[in-house]
>>> print(open('protein_32.txt').read())   # compact mmCIF, C-alpha atoms and all ligand atoms
# COMPACT_ATOMS: atom_id res chain seq x y z
CA MET Q 188 -7.34 18.26 18.12
CA GLU Q 189 -7.51 21.27 20.44
CA ARG Q 190 -3.76 21.25 20.88
CA ALA Q 191 -3.21 21.46 17.12
CA ARG Q 192 -5.50 24.43 17.01
CA ASP Q 193 -3.73 26.31 19.81
CA GLN Q 194 -0.14 25.82 18.77
CA ALA Q 195 1.39 28.04 16.14
CA SER Q 196 3.88 25.35 15.23
CA VAL Q 197 3.28 21.64 15.72
CA GLN Q 198 6.29 19.47 15.03
CA VAL Q 199 5.16 16.07 16.14
CA PRO Q 200 1.45 15.79 16.83
CA ALA Q 201 0.43 14.95 20.36
CA GLY Q 202 1.06 11.49 21.72
CA GLU Q 203 3.90 10.41 19.52
CA GLN Q 204 7.59 10.94 20.01
CA VAL Q 205 9.82 8.30 18.54
CA GLY Q 206 11.72 6.79 21.40
CA GLU Q 207 9.28 8.13 24.00
CA PRO Q 208 9.67 5.97 27.11
CA VAL Q 209 7.01 3.28 27.49
CA PRO Q 210 6.53 1.04 30.52
CA GLU Q 211 8.93 -1.89 30.63
CA GLN Q 212 6.00 -4.35 30.49
CA VAL Q 213 4.91 -2.83 27.18
CA ARG Q 214 8.33 -3.34 25.68
CA GLU Q 215 8.21 -6.99 26.82
CA VAL Q 216 5.30 -7.64 24.44
CA SER Q 217 6.63 -5.50 21.59
CA ALA Q 218 10.05 -6.60 20.43
CA PRO Q 219 12.35 -4.84 17.95
CA GLY Q 220 12.11 -5.83 14.30
CA ARG Q 221 14.21 -8.80 13.27
CA ILE Q 222 15.39 -10.84 10.33
CA ALA Q 223 14.57 -14.55 10.24
CA ALA Q 224 17.50 -16.87 10.98
CA PRO Q 225 18.86 -18.94 8.06
CA GLY Q 226 16.32 -21.68 7.34
CA GLU Q 227 13.78 -20.31 9.85
CA ASP Q 228 10.26 -21.03 8.60
CA ILE Q 229 7.33 -18.63 8.83
CA GLY Q 230 6.22 -18.82 12.48
CA PRO Q 231 2.94 -18.57 14.42
CA GLU Q 232 3.15 -14.76 14.77
CA GLU Q 233 3.53 -14.28 11.02
CA LEU Q 234 0.72 -16.80 10.45
CA ALA Q 235 -1.53 -14.77 12.79
CA LEU Q 236 -0.80 -11.61 10.80
CA ALA Q 237 -1.36 -13.41 7.50
CA ALA Q 238 -4.75 -14.68 8.73
CA ARG Q 239 -5.86 -11.11 9.55
CA ASN Q 240 -4.37 -9.38 6.54
CA HIS Q 241 -5.46 -11.21 3.43
CA GLY Q 242 -4.30 -10.78 -0.14
CA LEU Q 243 -6.02 -10.71 -3.54
CA PRO Q 244 -6.73 -14.23 -4.83
CA LEU Q 245 -4.70 -14.04 -8.04
CA GLU Q 246 -7.60 -15.21 -10.24
CA ALA Q 247 -9.31 -11.92 -9.21
CA LEU Q 248 -6.75 -10.11 -11.40
CA ARG Q 249 -9.31 -10.80 -14.14
CA TYR Q 250 -11.56 -7.94 -12.91
CA ASP Q 251 -10.92 -4.28 -13.77
CA VAL Q 252 -12.26 -3.30 -10.35
CA THR Q 253 -11.63 -5.74 -7.52
CA PRO Q 254 -14.96 -7.21 -6.32
CA PRO Q 255 -16.06 -6.66 -2.69
CA GLY Q 256 -14.02 -8.61 -0.19
CA LEU Q 257 -11.26 -9.56 -2.64
CA HIS Q 258 -9.19 -6.34 -2.31
CA TYR Q 259 -6.16 -6.98 -0.08
CA VAL Q 260 -6.36 -5.76 3.51
CA LEU Q 261 -3.58 -4.52 5.79
CA VAL Q 262 -4.36 -3.29 9.30
CA HIS Q 263 -1.45 -2.64 11.71
CA TYR Q 264 -3.50 -2.70 14.94
CA ASP Q 265 -7.30 -3.22 15.31
CA ILE Q 266 -10.11 -1.97 13.10
CA PRO Q 267 -11.43 0.86 15.31
CA ALA Q 268 -15.09 1.34 16.25
CA ALA Q 269 -16.49 4.22 14.20
CA ASP Q 270 -19.79 6.05 14.58
CA ALA Q 271 -20.46 7.91 11.32
CA ALA Q 272 -23.01 10.22 12.98
CA ARG Q 273 -20.39 11.49 15.43
CA TRP Q 274 -17.29 11.36 13.23
CA SER Q 275 -15.43 14.58 12.68
CA LEU Q 276 -12.29 15.34 10.75
CA SER Q 277 -10.24 18.19 12.19
CA VAL Q 278 -7.89 20.27 10.07
CA GLY Q 279 -5.44 22.30 12.15
CA GLY Q 280 -1.86 23.35 12.79
CA LEU Q 281 -0.52 25.89 10.30
CA VAL Q 282 -3.83 26.86 8.71
CA ARG Q 283 -5.63 30.20 8.75
CA THR Q 284 -9.03 28.67 9.62
CA PRO Q 285 -9.02 25.47 11.64
CA LEU Q 286 -11.87 23.21 10.54
CA SER Q 287 -13.92 20.49 12.14
CA LEU Q 288 -15.83 18.69 9.40
CA ASP Q 289 -18.53 16.08 9.90
CA LEU Q 290 -19.49 13.74 7.07
CA ALA Q 291 -22.27 16.04 5.85
CA ALA Q 292 -19.81 18.93 5.64
CA LEU Q 293 -17.41 16.77 3.60
CA ARG Q 294 -20.19 15.64 1.27
CA ALA Q 295 -21.00 19.29 0.61
CA PHE Q 296 -17.67 19.63 -1.22
CA PRO Q 297 -17.55 18.55 -4.90
CA ALA Q 298 -17.19 14.76 -5.09
CA VAL Q 299 -14.79 13.04 -7.47
CA THR Q 300 -14.12 9.36 -8.19
CA HIS Q 301 -10.69 7.95 -9.04
CA ARG Q 302 -9.93 4.35 -9.98
CA VAL Q 303 -6.75 3.56 -8.07
CA THR Q 304 -4.58 0.48 -7.74
CA MET Q 305 -3.23 0.17 -4.22
CA GLU Q 306 -0.36 -2.08 -3.19
CA CYS Q 307 1.22 -2.72 0.21
CA ALA Q 308 4.87 -1.66 0.39
CA GLY Q 309 5.57 -5.03 2.05
CA ASN Q 310 4.28 -6.98 -0.95
CA GLY Q 311 6.95 -9.57 -1.82
CA ARG Q 312 8.50 -9.56 1.67
CA ALA Q 313 8.12 -13.29 2.33
CA ARG Q 314 10.06 -14.09 -0.85
CA LEU Q 315 13.17 -12.31 0.45
CA THR Q 316 16.23 -14.18 1.74
CA PRO Q 317 16.90 -13.54 4.55
CA ARG Q 318 13.25 -12.80 5.41
CA PRO Q 319 12.32 -9.73 7.46
CA VAL Q 320 9.84 -11.02 10.08
CA SER Q 321 6.55 -9.16 9.53
CA GLN Q 322 3.37 -9.52 7.46
CA PRO Q 323 4.53 -12.31 5.08
CA TRP Q 324 3.16 -11.24 1.69
CA LEU Q 325 4.17 -13.26 -1.37
CA VAL Q 326 2.90 -11.17 -4.35
CA GLU Q 327 -0.82 -10.70 -3.67
CA ALA Q 328 -1.05 -7.46 -1.60
CA VAL Q 329 -2.82 -5.44 -4.28
CA GLY Q 330 -6.30 -4.37 -5.35
CA THR Q 331 -8.11 -1.77 -7.43
CA ALA Q 332 -11.17 0.25 -6.41
CA ASP Q 333 -13.22 3.23 -7.49
CA TRP Q 334 -12.72 5.65 -4.61
CA THR Q 335 -15.15 8.55 -4.21
CA GLY Q 336 -14.56 11.52 -1.97
CA VAL Q 337 -13.40 15.11 -1.66
CA PRO Q 338 -10.14 16.25 -3.22
CA LEU Q 339 -7.81 16.91 -0.27
CA ARG Q 340 -6.64 20.12 -1.99
CA LEU Q 341 -10.15 21.61 -1.71
CA VAL Q 342 -10.34 20.93 2.02
CA LEU Q 343 -6.84 22.35 2.55
CA ALA Q 344 -7.77 25.42 0.47
CA ALA Q 345 -10.84 25.95 2.67
CA ALA Q 346 -8.61 25.83 5.76
CA GLY Q 347 -5.93 28.05 4.16
CA VAL Q 348 -2.48 26.43 4.40
CA GLN Q 349 0.01 28.90 5.85
CA ARG Q 350 3.17 29.67 3.89
CA ASP Q 351 5.57 28.06 6.38
CA ALA Q 352 3.81 24.67 6.35
CA VAL Q 353 5.96 21.94 4.78
CA GLU Q 354 3.95 18.79 5.46
CA ALA Q 355 0.45 17.62 6.31
CA VAL Q 356 0.29 14.92 9.00
CA PHE Q 357 -2.66 12.49 8.82
CA THR Q 358 -3.87 10.67 11.93
CA GLY Q 359 -6.01 7.54 11.98
CA ALA Q 360 -8.33 6.54 14.83
CA ASP Q 361 -6.48 3.26 15.40
CA HIS Q 362 -3.97 2.87 18.21
CA GLY Q 363 -1.33 0.29 19.05
CA ILE Q 364 2.27 -0.52 19.90
CA GLU Q 365 4.93 -1.31 17.39
CA ARG Q 366 8.52 -2.23 18.23
CA GLY Q 367 8.10 -0.68 21.67
CA VAL Q 368 6.48 2.57 20.50
CA GLU Q 369 2.86 3.24 21.49
CA GLN Q 370 1.16 5.33 18.82
CA ASP Q 371 -1.80 6.36 16.74
CA TYR Q 372 -1.28 5.38 13.08
CA ARG Q 373 0.18 8.54 11.48
CA ARG Q 374 1.78 9.42 8.17
CA SER Q 375 2.63 12.67 6.43
CA LEU Q 376 2.77 14.01 2.88
CA PRO Q 377 4.72 17.02 1.61
CA VAL Q 378 2.41 20.03 1.13
CA ALA Q 379 3.03 19.92 -2.64
CA ALA Q 380 1.76 16.31 -2.81
CA ALA Q 381 -1.18 17.03 -0.49
CA THR Q 382 -2.37 20.05 -2.48
CA GLY Q 383 -1.52 18.73 -5.97
CA ASP Q 384 -4.08 17.85 -8.61
CA ASP Q 385 -2.00 15.26 -10.52
CA PRO Q 386 -2.23 12.92 -8.78
CA GLU Q 387 -5.15 14.25 -6.82
CA VAL Q 388 -5.23 12.99 -3.24
CA LEU Q 389 -8.72 12.13 -1.97
CA ILE Q 390 -10.43 12.10 1.38
CA ALA Q 391 -12.56 9.12 0.36
CA TYR Q 392 -15.88 8.11 1.91
CA ALA Q 393 -16.98 5.54 -0.67
CA MET Q 394 -15.41 2.47 -2.27
CA ASN Q 395 -17.03 1.14 -5.44
CA GLY Q 396 -20.11 3.32 -4.85
CA LEU Q 397 -20.77 2.18 -1.28
CA PRO Q 398 -19.66 3.52 2.12
CA LEU Q 399 -16.14 2.32 2.98
CA PRO Q 400 -16.15 -1.14 4.61
CA PRO Q 401 -14.80 -1.12 8.19
CA GLN Q 402 -11.51 -2.79 7.19
CA HIS Q 403 -10.88 -0.25 4.44
CA GLY Q 404 -11.21 2.81 6.70
CA PHE Q 405 -14.89 3.57 7.45
CA PRO Q 406 -15.97 6.32 7.44
CA LEU Q 407 -12.99 8.24 5.92
CA ARG Q 408 -9.62 7.42 4.44
CA LEU Q 409 -6.90 9.06 2.43
CA VAL Q 410 -6.28 7.79 -1.11
CA VAL Q 411 -2.91 8.82 -2.56
CA PRO Q 412 -2.72 7.60 -6.19
CA GLY Q 413 0.64 6.10 -7.14
CA TRP Q 414 1.91 5.73 -3.55
CA TYR Q 415 2.35 2.49 -1.65
CA GLY Q 416 -0.46 1.60 0.77
CA MET Q 417 1.04 3.01 3.98
CA ALA Q 418 0.30 6.58 2.76
CA HIS Q 419 -3.45 5.92 2.38
CA VAL Q 420 -4.33 6.60 6.04
CA LYS Q 421 -7.57 4.87 7.07
CA TRP Q 422 -10.09 5.97 9.75
CA LEU Q 423 -8.84 9.50 9.13
CA ARG Q 424 -9.69 11.84 12.03
CA GLU Q 425 -7.09 14.62 11.96
CA ILE Q 426 -4.97 16.60 9.50
CA THR Q 427 -2.23 18.80 10.97
CA LEU Q 428 -0.07 21.17 8.93
CA VAL Q 429 3.48 21.35 10.32
CA ASP Q 430 6.61 23.38 9.62
CA THR Q 431 9.19 20.60 9.92
CA PRO Q 432 9.20 17.15 8.31
CA PHE Q 433 7.23 14.66 10.40
CA THR Q 434 9.39 12.16 12.31
CA GLY Q 435 6.73 9.80 13.68
CA PHE Q 436 7.26 6.03 13.77
CA GLN Q 437 5.52 5.17 10.49
CA GLN Q 438 7.54 7.88 8.72
CA ALA Q 439 11.04 7.87 10.18
CA VAL Q 440 11.40 4.36 11.67
CA ALA Q 441 9.13 2.14 9.55
CA TYR Q 442 8.80 2.41 5.76
CA ARG Q 443 12.44 3.20 5.00
CA TYR Q 444 14.63 1.36 2.51
CA ARG Q 445 17.64 0.32 4.61
CA ARG Q 446 20.13 -1.80 2.68
CA SER Q 447 22.19 -2.90 5.66
CA ALA Q 448 20.90 -5.69 7.89
CA ASP Q 449 22.28 -4.27 11.12
CA ASP Q 450 23.50 -0.64 10.92
CA PRO Q 451 21.37 1.12 13.59
CA ASP Q 452 22.38 4.58 12.32
CA ASP Q 453 21.23 4.10 8.71
CA PRO Q 454 18.22 6.43 8.26
CA GLY Q 455 17.43 4.80 4.89
CA GLU Q 456 15.40 6.29 2.07
CA PRO Q 457 11.66 6.93 2.48
CA VAL Q 458 9.25 4.49 0.83
CA THR Q 459 6.97 6.51 -1.50
CA LEU Q 460 5.86 5.55 -5.03
CA ILE Q 461 4.91 2.05 -6.18
CA ALA Q 462 7.60 0.23 -8.19
CA PRO Q 463 6.43 -1.44 -11.41
CA ARG Q 464 4.95 -4.93 -11.19
CA ALA Q 465 3.06 -7.32 -13.43
CA LEU Q 466 1.12 -10.31 -12.13
CA MET Q 467 -0.57 -13.09 -14.07
CA VAL Q 468 -3.72 -15.03 -13.38
CA PRO Q 469 -2.19 -18.48 -12.85
CA PRO Q 470 -3.36 -20.49 -15.88
CA GLY Q 471 -5.11 -23.87 -15.93
CA PHE Q 472 -6.15 -25.36 -12.60
CA PRO Q 473 -4.27 -25.73 -9.30
CA ASP Q 474 -3.20 -28.55 -7.08
CA PHE Q 475 -4.85 -27.85 -3.71
CA MET Q 476 -1.70 -28.06 -1.61
CA THR Q 477 1.24 -26.99 -3.78
CA ARG Q 478 -0.76 -24.56 -5.97
CA THR Q 479 1.19 -25.94 -8.96
CA ARG Q 480 -0.84 -25.32 -12.12
CA VAL Q 481 -1.89 -28.02 -14.56
CA VAL Q 482 -2.53 -27.06 -18.23
CA ARG Q 483 -3.14 -29.09 -21.40
CA PRO Q 484 -0.70 -28.93 -24.35
CA GLY Q 485 -1.48 -26.30 -26.98
CA PRO Q 486 -2.14 -22.57 -27.00
CA VAL Q 487 -2.78 -21.35 -23.42
CA PRO Q 488 -4.15 -17.80 -23.04
CA LEU Q 489 -2.31 -15.85 -20.33
CA GLU Q 490 -3.64 -12.65 -18.80
CA GLY Q 491 -3.02 -10.37 -15.88
CA ARG Q 492 -2.47 -6.78 -14.77
CA ALA Q 493 0.51 -4.46 -14.57
CA TRP Q 494 1.02 -1.13 -12.81
CA SER Q 495 3.58 1.42 -11.63
CA GLY Q 496 3.33 4.51 -9.46
CA HIS Q 497 6.05 6.22 -11.49
CA GLY Q 498 4.30 6.25 -14.86
CA ALA Q 499 2.11 4.20 -17.16
CA VAL Q 500 3.13 0.66 -18.06
CA ALA Q 501 4.93 0.73 -21.41
CA ARG Q 502 5.76 -2.96 -21.83
CA VAL Q 503 4.89 -6.36 -20.42
CA GLU Q 504 6.97 -9.43 -21.27
CA VAL Q 505 6.35 -13.08 -20.49
CA SER Q 506 8.92 -15.84 -20.15
CA ALA Q 507 8.26 -19.58 -20.05
CA ASP Q 508 11.87 -20.55 -19.38
CA GLY Q 509 12.59 -18.83 -16.09
CA GLY Q 510 13.65 -15.52 -17.68
CA ARG Q 511 16.07 -16.66 -20.42
CA SER Q 512 13.80 -15.58 -23.30
CA TRP Q 513 10.89 -13.13 -23.32
CA ALA Q 514 7.85 -12.51 -25.53
CA ARG Q 515 5.90 -9.24 -25.65
CA ALA Q 516 2.33 -9.26 -24.33
CA GLU Q 517 -0.42 -6.92 -25.47
CA VAL Q 518 -1.04 -4.15 -22.96
CA ALA Q 519 -4.23 -2.09 -22.61
CA PRO Q 520 -3.74 1.70 -22.70
CA PRO Q 521 -3.53 3.55 -19.37
CA GLN Q 522 -6.45 5.83 -20.22
CA PRO Q 523 -8.94 6.76 -18.93
CA HIS Q 524 -7.77 5.43 -15.54
CA ARG Q 525 -4.22 6.67 -15.21
CA TRP Q 526 -3.80 5.43 -11.62
CA ALA Q 527 -5.24 1.96 -12.15
CA TRP Q 528 -3.54 -1.21 -13.33
CA GLN Q 529 -3.49 -2.06 -17.03
CA ALA Q 530 -4.66 -5.40 -18.44
CA TRP Q 531 -2.19 -7.49 -20.44
CA SER Q 532 -2.60 -10.72 -22.39
CA CYS Q 533 -0.73 -13.13 -24.64
CA VAL Q 534 -0.89 -16.74 -25.80
CA TRP Q 535 1.64 -19.31 -24.60
CA PRO Q 536 2.21 -22.40 -26.77
CA ALA Q 537 2.43 -24.99 -23.99
CA ALA Q 538 4.42 -28.16 -24.61
CA PRO Q 539 4.30 -31.21 -22.31
CA GLY Q 540 6.61 -30.94 -19.30
CA ARG Q 541 7.32 -28.67 -16.35
CA HIS Q 542 7.66 -24.93 -16.87
CA THR Q 543 8.06 -21.77 -14.82
CA LEU Q 544 6.10 -18.81 -16.13
CA THR Q 545 7.42 -15.34 -15.37
CA VAL Q 546 6.13 -11.88 -16.27
CA ARG Q 547 7.76 -8.48 -16.06
CA ALA Q 548 6.51 -4.90 -16.45
CA THR Q 549 8.47 -1.85 -17.57
CA ASP Q 550 7.03 1.63 -17.10
CA THR Q 551 7.32 4.80 -19.18
CA GLU Q 552 10.15 5.96 -16.89
CA GLY Q 553 12.17 2.90 -17.91
CA ARG Q 554 11.81 1.25 -14.49
CA THR Q 555 11.46 -2.50 -14.66
CA GLN Q 556 11.30 -5.59 -12.46
CA PRO Q 557 14.42 -7.43 -11.33
CA LEU Q 558 14.91 -11.18 -11.64
CA GLU Q 559 16.94 -11.06 -8.39
CA GLN Q 560 15.58 -9.76 -5.10
CA PRO Q 561 16.13 -6.09 -4.20
CA TRP Q 562 16.78 -6.73 -0.50
CA ASN Q 563 16.22 -4.24 2.34
CA ARG Q 564 15.80 -4.68 6.08
CA GLY Q 565 12.06 -3.90 6.23
CA GLY Q 566 11.25 -5.97 3.14
CA PHE Q 567 9.73 -3.06 1.19
CA GLY Q 568 9.21 -2.64 -2.53
CA ASN Q 569 10.29 -6.18 -3.48
CA ASN Q 570 9.04 -6.23 -7.08
CA MET Q 571 11.11 -9.24 -8.11
CA VAL Q 572 9.21 -11.06 -10.88
CA GLN Q 573 6.40 -13.52 -10.08
CA GLN Q 574 7.16 -17.20 -10.74
CA VAL Q 575 4.32 -19.58 -11.61
CA PRO Q 576 5.23 -23.31 -11.73
CA VAL Q 577 3.15 -25.13 -14.36
CA MET Q 578 2.84 -28.80 -15.29
CA CYS Q 579 1.71 -29.30 -18.89
CA CYS Q 580 0.28 -32.79 -19.51
N1 LIG W 1 -5.05 4.22 10.09
C1 LIG W 1 -4.40 3.29 9.37
N2 LIG W 1 -4.24 3.48 8.05
C2 LIG W 1 -3.61 2.57 7.29
C3 LIG W 1 -3.08 1.39 7.87
C4 LIG W 1 -3.25 1.20 9.27
O1 LIG W 1 -2.85 0.19 9.84
N3 LIG W 1 -3.93 2.17 9.98
N4 LIG W 1 -2.38 0.51 7.08
C5 LIG W 1 -1.76 1.09 5.88
C6 LIG W 1 -1.16 0.10 5.01
S1 LIG W 1 0.37 -0.46 5.47
C7 LIG W 1 -1.74 -0.28 3.85
S2 LIG W 1 -0.93 -1.32 2.79
C8 LIG W 1 -3.07 0.20 3.47
C9 LIG W 1 -4.00 -0.96 3.20
O2 LIG W 1 -5.25 -0.51 2.78
P1 LIG W 1 -6.44 -1.55 2.56
O3 LIG W 1 -6.50 -2.43 3.78
O4 LIG W 1 -7.66 -0.75 2.35
O5 LIG W 1 -6.07 -2.36 1.34
O6 LIG W 1 -3.67 1.01 4.47
C10 LIG W 1 -2.77 1.90 5.10
N5 LIG W 1 -3.50 2.79 5.98
MO MO W 2 1.18 -1.79 3.72
>>> encode(input="protein_32.txt", output="C-alpha cells")
Amino acid sequence: MERARDQASVQVPAGEQVGEPVPEQVREVSAPGRIAAPGEDIGPEELALAARNHGLPLEALRYDVTPPGLHYVLVHYDIPAADAARWSLSVGGLVRTPLSLDLAALRAFPAVTHRVTMECAGNGRARLTPRPVSQPWLVEAVGTADWTGVPLRLVLAAAGVQRDAVEAVFTGADHGIERGVEQDYRRSLPVAAATGDDPEVLIAYAMNGLPLPPQHGFPLRLVVPGWYGMAHVKWLREITLVDTPFTGFQQAVAYRYRRSADDPDDPGEPVTLIAPRALMVPPGFPDFMTRTRVVRPGPVPLEGRAWSGHGAVARVEVSADGGRSWARAEVAPPQPHRWAWQAWSCVWPAAPGRHTLTVRATDTEGRTQPLEQPWNRGGFGNNMVQQVPVMCC
C-alpha cells in the first residue's frame, strides 16, 4: 500500500512478477496446468476443488434472485480472515490524492444496487474433450444477486485518476500459489471500464441486502456487470492505477483463450465478457444417481434463464431432438435489470420414450450458443448448449 503511494509509476504491484523464482519445494506442490489424458476420469484433486466450489442447483434457476447459499462459489485459494472494523481499501498509484477508505468512509458515498448475473469463465470446462484439469464445472457456475455498494467511478473520481493511467489493478486479501507462482489474487480493468457508468462497476459491501457472506468477498468486492467472474475481485483491499497493462498471473497467464493445446508462446486472447447461455430447470423428477429426468406424457412446462454479457437476450429456442429442430420460447424483457438473466418458458408436448432436451440463447449482438464445443486450453467460455436427458413414461 505504501509502495503504491510512493511510486510515480507502478507497473506490476508489489509481490507479483510472473515467472518470479519460487523455492523448488513450492514448485513441487504446484504443477503446471495440464490436459487430461484420453479417457482419464475426473480425479481426486478435481473432486476436492468441486467439493469446495459449488454450483447453482439447476432447480434454483426458478428464482429471479438466487436465494442465500445457492449462488455458485469459486475461491482460488482460502477464504481470508477479515475484520470489518479494521478493513481499509487503499487507492493509489497514478492518482492525485491517494486514499485509504474504511467501511464507514465507503458507506458515506452514494449507494447503488445492481442486479447482476455472474458466471465463472470456467463454466462448461468439464464437458470439454480433451478436458483441461481444473475446477470441473458442468453448466452450473452461475448465480444472480442484488449487489449494493459504491460506484467505482465515484471512488476513482475522489482519488483523481491521472491522465497517463491505463488500467486499475485490484488486489484481494487472499494469497496462494498457482502453477508455481506465489501471488495475491489480482486482476485489472482498463480505466475506461473502471470509470464507466454503463455498465457501472461497483465496490459492493452488500449482497441481497445483507453484508457480503465470507465466501462472496466480505467485507468488499468488485462487481463488474457483464464480465465473467474472475474480474469481480473479492476481499478487495487495494486499487492501484498503472501506466502499462497489468501482466500478473490472473491476467496474462490464466484467463486467456488459447486454441492450441501445447504452443507455449501463444499469448491467447483475454477472457472478458460473458458469452450467451440459456439453461433450463430440468423438468419432472430426477433419478438420484444418473440425474436422468422422468416426466409423464402430455404438455410439460419448461422454464429457465438466459443471459449474455454482450447484450440482452433476443431469442431462446428449445429442441427436443438433440438440436435437429427448434421451437421459440417466450423470453421476459431485459428491463429493468439489464445485467441480470432473463426468464424464458415454453411448453413441450412430451411423448413416451427417451428424449434429449436442449436450449440455446441468442443475444442482440447475434451471438449464439454452439452445438459443438468451442475448445481452448484453459477451458474458458464453453457455452456449448445444455443437454438434459429425459425419460417420458
Ligand atoms: N480475491 C479473489 N477474488 C475472486 C476470486 C478469488 O479466488 N479471489 N475468484 C474469482 C472467480 S474465478 C470467480 S468465478 C468469482 C466467483 O464469485 P462468487 O464466489 O461470489 O460466485 O470470484 C472471482 N473473484
Ligand atoms: Mo471463475
>>> residues_near_ligand(input="protein_32.txt", ligand="ligand LIG 1 (chain W)", cutoff="8 Å", atoms="only C-alpha atoms and all ligand atoms", output="MDAnalysis selection string")
chainID Q and resid 240 258:265 305:309 328:330 358:361 371:373 402:404 408:409 415:423
>>> residues_around(input="protein_32.txt", residues="Asp550 (chain Q)", least_positions_apart="2", cutoff="7 Å", atoms="all atoms listed in the file", output="PyMOL selection string")
chain Q and resi 463+495+498-502+548+552-555
>>> residues_near_point(input="protein_32.txt", point="(3.3, -17.7, -13.1)", cutoff="12 Å", atoms="only C-alpha atoms", output="ChimeraX atom specification")
/Q:245-246,326,465-471,473,478-481,489-491,505-510,535,542-547,572-578
>>> residues_around(input="protein_32.txt", residues="Asp270 (chain Q)", least_positions_apart="5", cutoff="10 Å", atoms="all atoms listed in the file", output="list in words")
Ser275, Phe405 and Pro406 of chain Q
>>> closest_residue(input="protein_32.txt", among="Q:Arg492, Q:Asp430, Q:Asn310, Q:Trp334", to="ligand MO 2 (chain W)", atoms="all atoms listed in the file")
Q:Asn310
